[in-house]
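Q: There's a structure below that I have some questions on.
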Protein chains: 2
Amino acid sequence: MASRNTVQRQIVFDAVNALRTHPTAEEIYEHIHRSAPTVGKATVYRNLAVLAASGRIRHVEVPNSADIYDFNTADHDHVQCVSCRRVFDADFPAEPCPPIPAGSGFRILSRSVLYTGLCPDCLKRSQNL
Amino acid sequence: MASRNTVQRQIVFDAVNALRTHPTAEEIYEHIHRSAPTVGKATVYRNLAVLAASGRIRHVEVPNSADIYDFNTADHDHVQCVSCRRVFDADFPAEPCPPIPAGSGFRILSRSVLYTGLCPDCLKRSQNL
DNA sequence: TTTTTATTGACATCCATTCTCAATAAGCGT
DNA sequence: ACGCTTATTGAGAATGGATGTCAATAAAAA
């Protein structure tokens, strides 16, 4: 028997699509908790994993921060602000990285690119000091 | 007063240069512990951070695994094997990603590229099943 | 040598995430 | 519609990796 359509799974999926701001699992849990206080945190984590594995949402691993989940499953990179730690889409004008290579005996499955820097808000704030 | 040349700091630096296999902080600590059992784990972490900040070693953040430290400070990417979780240099023939862009009000400070896939060992093992 | 203060070591604490396990419920076959 | 199987749930404990606390120590400036 494959995966089941539980109400909790749908709630988690809806939350990721409602929160369009690269939410963490914790933020998704808090959002859900308001209208569905019985849904446990482990259930949120589990369903985020299931949804990501099936390609319905995207799981973005963020080193030294909580991972984020993205309703936008199209291939795109992210920027994390070193100051406020928020994650944004890297939609600035940049050539994409070249296609994933095949060489040296590795089987490359994926590539993740994460930019770090200052977001517009924090950059402005730092310039006003 | 700037930073001090403590014996512990030198021990940590030497360990990173001795372990040329992308060691984690834990592995570095264990290596050190054999010959210098009084050096604490917090000291190892602190000195790894100091050495990385001063550019003497490189700190590579690995999502969902322990971060690794690299004696090779030259700019290069890494591959993590999804099976054995080891980290390798991405020295396969690949065009590098284009230079870091400046656009959209972000100040981009760095970009990290991490490939995931199967290392030669694990690839071979999976083909022999 | 004296003084200053960066650094240490031991341990507690933190954070994000995963595990455990009995209880529940999805959805198949009948 | 009704069981039956088993994927899933909820609560909390447990984990792993890393950082914080703080009195004691030791670089190195004066």
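Here's how to read the names in the structure tokens: chain A, B, ... by the order shown, residue numbers from 1 in each chain, ligand numbers from 1 in the order shown.
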Got a sec to tell me which of chain A DSSP assigns to helix (DSSP H, G or I), as a PyMOL selection string?
A: chain A and resi 7-18+25-35+41-53+120-127
Q: Would you save the residues of that selection, restricted to N, CA and C atoms, as a CSV table (one decimal), in the first residue's frame?
A:
```csv
chain,number,residue,atom,x,y,z
A,7,VAL,N,-5.7,13.9,6.3
A,7,VAL,CA,-6.1,15.3,6.4
A,7,VAL,C,-4.9,16.1,6.9
A,8,GLN,N,-4.0,15.5,7.7
A,8,GLN,CA,-2.8,16.3,8.2
A,8,GLN,C,-1.9,16.6,7.0
A,9,ARG,N,-1.8,15.6,6.1
A,9,ARG,CA,-0.9,15.8,4.9
A,9,ARG,C,-1.4,17.0,4.1
A,10,GLN,N,-2.7,17.0,3.9
A,10,GLN,CA,-3.3,18.1,3.1
A,10,GLN,C,-3.1,19.4,3.8
A,11,ILE,N,-3.2,19.4,5.1
A,11,ILE,CA,-3.1,20.6,5.9
A,11,ILE,C,-1.6,21.2,5.8
A,12,VAL,N,-0.7,20.3,5.8
A,12,VAL,CA,0.7,20.7,5.7
A,12,VAL,C,1.0,21.2,4.3
A,13,PHE,N,0.5,20.6,3.3
A,13,PHE,CA,0.7,21.0,1.9
A,13,PHE,C,0.0,22.4,1.7
A,14,ASP,N,-1.2,22.6,2.3
A,14,ASP,CA,-1.9,23.9,2.1
A,14,ASP,C,-1.1,25.0,2.8
A,15,ALA,N,-0.5,24.6,4.0
A,15,ALA,CA,0.3,25.6,4.7
A,15,ALA,C,1.5,26.1,3.9
A,16,VAL,N,2.2,25.2,3.3
A,16,VAL,CA,3.4,25.6,2.5
A,16,VAL,C,3.0,26.5,1.4
A,17,ASN,N,1.8,26.2,0.8
A,17,ASN,CA,1.3,27.0,-0.3
A,17,ASN,C,0.8,28.4,0.2
A,18,ALA,N,0.3,28.4,1.4
A,18,ALA,CA,-0.2,29.7,2.0
A,18,ALA,C,0.9,30.6,2.4
A,25,ALA,N,10.2,24.5,9.0
A,25,ALA,CA,9.2,23.6,9.5
A,25,ALA,C,8.5,24.1,10.8
A,26,GLU,N,9.3,24.8,11.6
A,26,GLU,CA,8.8,25.5,12.8
A,26,GLU,C,7.7,26.5,12.5
A,27,GLU,N,7.9,27.3,11.5
A,27,GLU,CA,7.0,28.3,11.1
A,27,GLU,C,5.7,27.7,10.5
A,28,ILE,N,5.9,26.6,9.7
A,28,ILE,CA,4.8,25.9,9.2
A,28,ILE,C,3.9,25.3,10.3
A,29,TYR,N,4.7,24.7,11.3
A,29,TYR,CA,4.0,24.1,12.4
A,29,TYR,C,3.1,25.2,13.2
A,30,GLU,N,3.7,26.4,13.4
A,30,GLU,CA,3.0,27.4,14.1
A,30,GLU,C,1.8,27.9,13.3
A,31,HIS,N,2.0,28.0,12.0
A,31,HIS,CA,0.8,28.4,11.2
A,31,HIS,C,-0.3,27.4,11.3
A,32,ILE,N,0.1,26.2,11.2
A,32,ILE,CA,-1.0,25.1,11.3
A,32,ILE,C,-1.6,25.1,12.7
A,33,HIS,N,-0.8,25.3,13.7
A,33,HIS,CA,-1.2,25.1,15.1
A,33,HIS,C,-2.4,26.0,15.4
A,34,ARG,N,-2.5,27.2,14.7
A,34,ARG,CA,-3.6,28.1,15.0
A,34,ARG,C,-4.9,27.5,14.7
A,35,SER,N,-5.0,27.0,13.5
A,35,SER,CA,-6.3,26.5,13.1
A,35,SER,C,-6.5,25.0,13.4
A,41,LYS,N,4.1,18.3,15.9
A,41,LYS,CA,5.2,18.8,15.2
A,41,LYS,C,5.9,17.7,14.4
A,42,ALA,N,6.0,16.5,14.9
A,42,ALA,CA,6.6,15.4,14.2
A,42,ALA,C,5.8,15.1,12.9
A,43,THR,N,4.5,15.2,13.0
A,43,THR,CA,3.6,15.0,11.8
A,43,THR,C,4.0,16.0,10.8
A,44,VAL,N,4.2,17.3,11.2
A,44,VAL,CA,4.5,18.3,10.2
A,44,VAL,C,5.8,17.9,9.5
A,45,TYR,N,6.9,17.6,10.3
A,45,TYR,CA,8.2,17.2,9.7
A,45,TYR,C,8.0,16.0,8.8
A,46,ARG,N,7.3,15.0,9.3
A,46,ARG,CA,7.1,13.8,8.4
A,46,ARG,C,6.5,14.1,7.1
A,47,ASN,N,5.4,14.9,7.2
A,47,ASN,CA,4.7,15.2,5.9
A,47,ASN,C,5.5,16.1,5.0
A,48,LEU,N,6.2,17.0,5.6
A,48,LEU,CA,7.1,17.8,4.7
A,48,LEU,C,8.1,16.9,4.0
A,49,ALA,N,8.6,16.0,4.6
A,49,ALA,CA,9.5,15.0,4.0
A,49,ALA,C,8.8,14.2,2.9
A,50,VAL,N,7.6,13.8,3.2
A,50,VAL,CA,6.9,13.0,2.2
A,50,VAL,C,6.5,13.8,1.0
A,51,LEU,N,6.1,15.0,1.2
A,51,LEU,CA,5.7,15.9,0.1
A,51,LEU,C,6.9,16.3,-0.7
A,52,ALA,N,8.0,16.5,0.0
A,52,ALA,CA,9.2,16.8,-0.8
A,52,ALA,C,9.7,15.6,-1.6
A,53,ALA,N,9.6,14.4,-1.0
A,53,ALA,CA,10.0,13.2,-1.8
A,53,ALA,C,9.2,13.0,-3.0
A,120,PRO,N,18.2,43.4,0.7
A,120,PRO,CA,18.0,44.8,0.5
A,120,PRO,C,17.8,45.6,1.8
A,121,ASP,N,16.9,45.0,2.7
A,121,ASP,CA,16.6,45.7,3.9
A,121,ASP,C,17.8,45.8,4.8
A,122,CYS,N,18.5,44.7,5.0
A,122,CYS,CA,19.7,44.8,6.0
A,122,CYS,C,20.8,45.6,5.4
A,123,LEU,N,20.9,45.6,4.0
A,123,LEU,CA,21.9,46.4,3.4
A,123,LEU,C,21.7,47.9,3.6
A,124,LYS,N,20.4,48.3,3.5
A,124,LYS,CA,20.0,49.7,3.7
A,124,LYS,C,20.3,50.1,5.1
A,125,ARG,N,19.9,49.2,6.0
A,125,ARG,CA,20.1,49.4,7.5
A,125,ARG,C,21.6,49.6,7.8
A,126,SER,N,22.4,48.8,7.2
A,126,SER,CA,23.8,48.9,7.5
A,126,SER,C,24.4,50.2,6.9
A,127,GLN,N,23.8,50.7,5.9
A,127,GLN,CA,24.4,51.9,5.3
A,127,GLN,C,23.9,53.2,6.0
```
Q: At a cut-off of 10 Å, list the chain C residues touching chain A, using only C-alpha atoms (C1' of nucleotides), as a list in words.
A: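 The answer, sorted by residue number, is DC15, DA16, DT17, DT18, DC19, DA25, DA26, DG27 and DC28 of chain C.
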Q: Taking only C-alpha atoms into account, find every residue of chain B that has an atom no more than 7 Å from chain A, and write it out as an NGL selection string.
A: :B and (61-63 or 92-95 or 97-98 or 101 or 103-120)
Q: Just how far from atom C1' of C:DC11 is atom C1' of D:DT21, in Å to one decimal?
A: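 Straight-line distance from atom C1' of D:DT21 to atom C1' of C:DC11 works out to 8.9 Å.
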Q: Write out as JSON, numbers by chain the set of residues from chain A that DSSP, computed on the backbone, places in strand (DSSP E or B).
A: {"A": [24, 58, 59, 60, 68, 69, 70, 78, 79, 80, 81, 87, 88, 89, 107, 108, 109, 110, 111, 112, 113, 114, 115, 116, 117, 118]}
Q: Can you tell me which residues surround D:DG20 at a distance of at most 10 Å, considering only C-alpha atoms (C1' of nucleotides), apart from same-chain residues fewer than 5 positions away, and format the answer as a list of chain:residue names?
A: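 Near neighbours after the sequence-gap exclusion: C:DA12, C:DT13, C:DC14.
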Q: At a cut-off of 12 Å, can you tabulate as a tab-separated table every residue of chain D near chain B together with its closest atom pair and the distance in Å to one decimal, using only C-alpha atoms (C1' of nucleotides) and ordering rows by chain then number?
A:
```
residue	atom	partner	partner_atom	distance
D:DG16	C1'	B:Ala66	CA	8.5
D:DG17	C1'	B:Ala66	CA	6.4
D:DA18	C1'	B:Tyr45	CA	8.1
D:DT19	C1'	B:Ala42	CA	8.4
D:DG20	C1'	B:Ala42	CA	10.2
D:DT21	C1'	B:Ala42	CA	11.9
D:DT25	C1'	B:Thr6	CA	11.7
D:DA26	C1'	B:Thr6	CA	8.7
D:DA27	C1'	B:Arg4	CA	6.2
D:DA28	C1'	B:Arg4	CA	8.1
D:DA29	C1'	B:Met1	CA	8.7
```
Q: I need the chosen residues saved as a CSV table (one decimal), in the first residue's frame, with N, CA and C atoms (P, O5', C5', C4', C3', O3' and C1' of nucleotides).
A:
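Final output, again.csv:
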```
chain,number,residue,atom,x,y,z
D,16,DG,P,23.6,10.2,18.1
D,16,DG,O5',23.8,11.5,17.2
D,16,DG,C5',23.0,11.8,16.1
D,16,DG,C4',23.4,13.1,15.5
D,16,DG,C3',24.9,13.5,15.7
D,16,DG,O3',25.3,14.1,14.5
D,16,DG,C1',23.6,15.1,16.8
D,17,DG,P,26.9,14.3,14.3
D,17,DG,O5',27.0,15.9,14.3
D,17,DG,C5',26.1,16.7,13.5
D,17,DG,C4',26.1,18.1,14.0
D,17,DG,C3',27.5,18.7,14.3
D,17,DG,O3',27.6,19.8,13.4
D,17,DG,C1',26.0,19.1,16.1
D,18,DA,P,29.0,20.6,13.4
D,18,DA,O5',28.8,21.7,14.4
D,18,DA,C5',27.6,22.6,14.2
D,18,DA,C4',27.4,23.4,15.5
D,18,DA,C3',28.5,24.2,16.0
D,18,DA,O3',28.2,25.6,15.8
D,18,DA,C1',27.4,23.1,17.8
D,19,DT,P,29.2,26.7,16.2
D,19,DT,O5',28.6,27.2,17.5
D,19,DT,C5',27.2,27.5,17.6
D,19,DT,C4',26.8,27.9,19.0
D,19,DT,C3',27.6,29.0,19.6
D,19,DT,O3',26.8,29.9,20.2
D,19,DT,C1',27.5,27.1,21.0
D,20,DG,P,27.3,31.2,21.0
D,20,DG,O5',26.9,30.9,22.5
D,20,DG,C5',25.6,30.7,22.9
D,20,DG,C4',25.5,30.5,24.4
D,20,DG,C3',26.3,31.5,25.2
D,20,DG,O3',25.5,31.9,26.4
D,20,DG,C1',27.2,29.4,25.7
D,21,DT,P,26.0,33.0,27.5
D,21,DT,O5',26.7,32.0,28.6
D,21,DT,C5',25.9,31.0,29.2
D,21,DT,C4',26.6,30.5,30.5
D,21,DT,C3',27.4,31.6,31.2
D,21,DT,O3',27.2,31.4,32.6
D,21,DT,C1',28.8,29.8,30.7
D,25,DT,P,44.1,27.3,37.7
D,25,DT,O5',44.6,27.7,36.3
D,25,DT,C5',44.3,26.9,35.2
D,25,DT,C4',44.8,27.6,33.9
D,25,DT,C3',46.2,28.0,33.9
D,25,DT,O3',46.8,27.3,32.8
D,25,DT,C1',44.9,29.7,33.0
D,26,DA,P,48.5,27.3,32.7
D,26,DA,O5',48.7,28.3,31.5
D,26,DA,C5',48.1,28.1,30.3
D,26,DA,C4',48.3,29.3,29.4
D,26,DA,C3',49.7,29.8,29.3
D,26,DA,O3',49.9,30.4,28.1
D,26,DA,C1',48.4,31.5,30.2
D,27,DA,P,51.0,29.9,27.1
D,27,DA,O5',50.5,30.6,25.7
D,27,DA,C5',51.2,31.6,25.3
D,27,DA,C4',50.3,32.7,24.8
D,27,DA,C3',51.2,33.8,24.2
D,27,DA,O3',50.6,34.4,23.1
D,27,DA,C1',50.0,34.6,26.1
D,28,DA,P,51.5,35.0,22.0
D,28,DA,O5',51.8,36.5,22.5
D,28,DA,C5',50.8,37.5,22.5
D,28,DA,C4',51.1,38.6,23.4
D,28,DA,C3',52.5,39.2,23.2
D,28,DA,O3',52.5,40.6,23.3
D,28,DA,C1',52.2,38.8,25.4
D,29,DA,P,52.8,41.5,22.1
D,29,DA,O5',52.3,42.9,22.6
D,29,DA,C5',50.9,43.1,23.0
D,29,DA,C4',50.8,44.0,24.2
D,29,DA,C3',51.7,45.2,24.2
D,29,DA,O3',51.0,46.3,24.7
D,29,DA,C1',52.1,43.9,26.2
```
Q: Between atom CA of B:Ser83 and atom C1' of C:DC21, what is the distance in Å, rounded to a tenth?
A: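 These atoms are spaced 28.3 Å apart.
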Q: Please measure the separation of atom C1' of D:DA14 and atom C1' of C:DG9, giving the value in Å to one decimal.
A: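 Going from atom C1' of D:DA14 over to atom C1' of C:DG9 covers 26.1 Å.
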Q: Could you check the closest approach to A:His22 for each of A:Ile68, A:Ile57, A:Ala74, A:Cys84 and tell me which residue wins, using only C-alpha atoms?
A: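 Selected residue with least distance to A:His22: A:Ile68.
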Q: Counting only C-alpha atoms (C1' of nucleotides), which of C:DT2, C:DT20, C:DT8, C:DT30 gets nearest to D:DC4?
A: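 For D:DC4, the nearest of the candidates is C:DT30.
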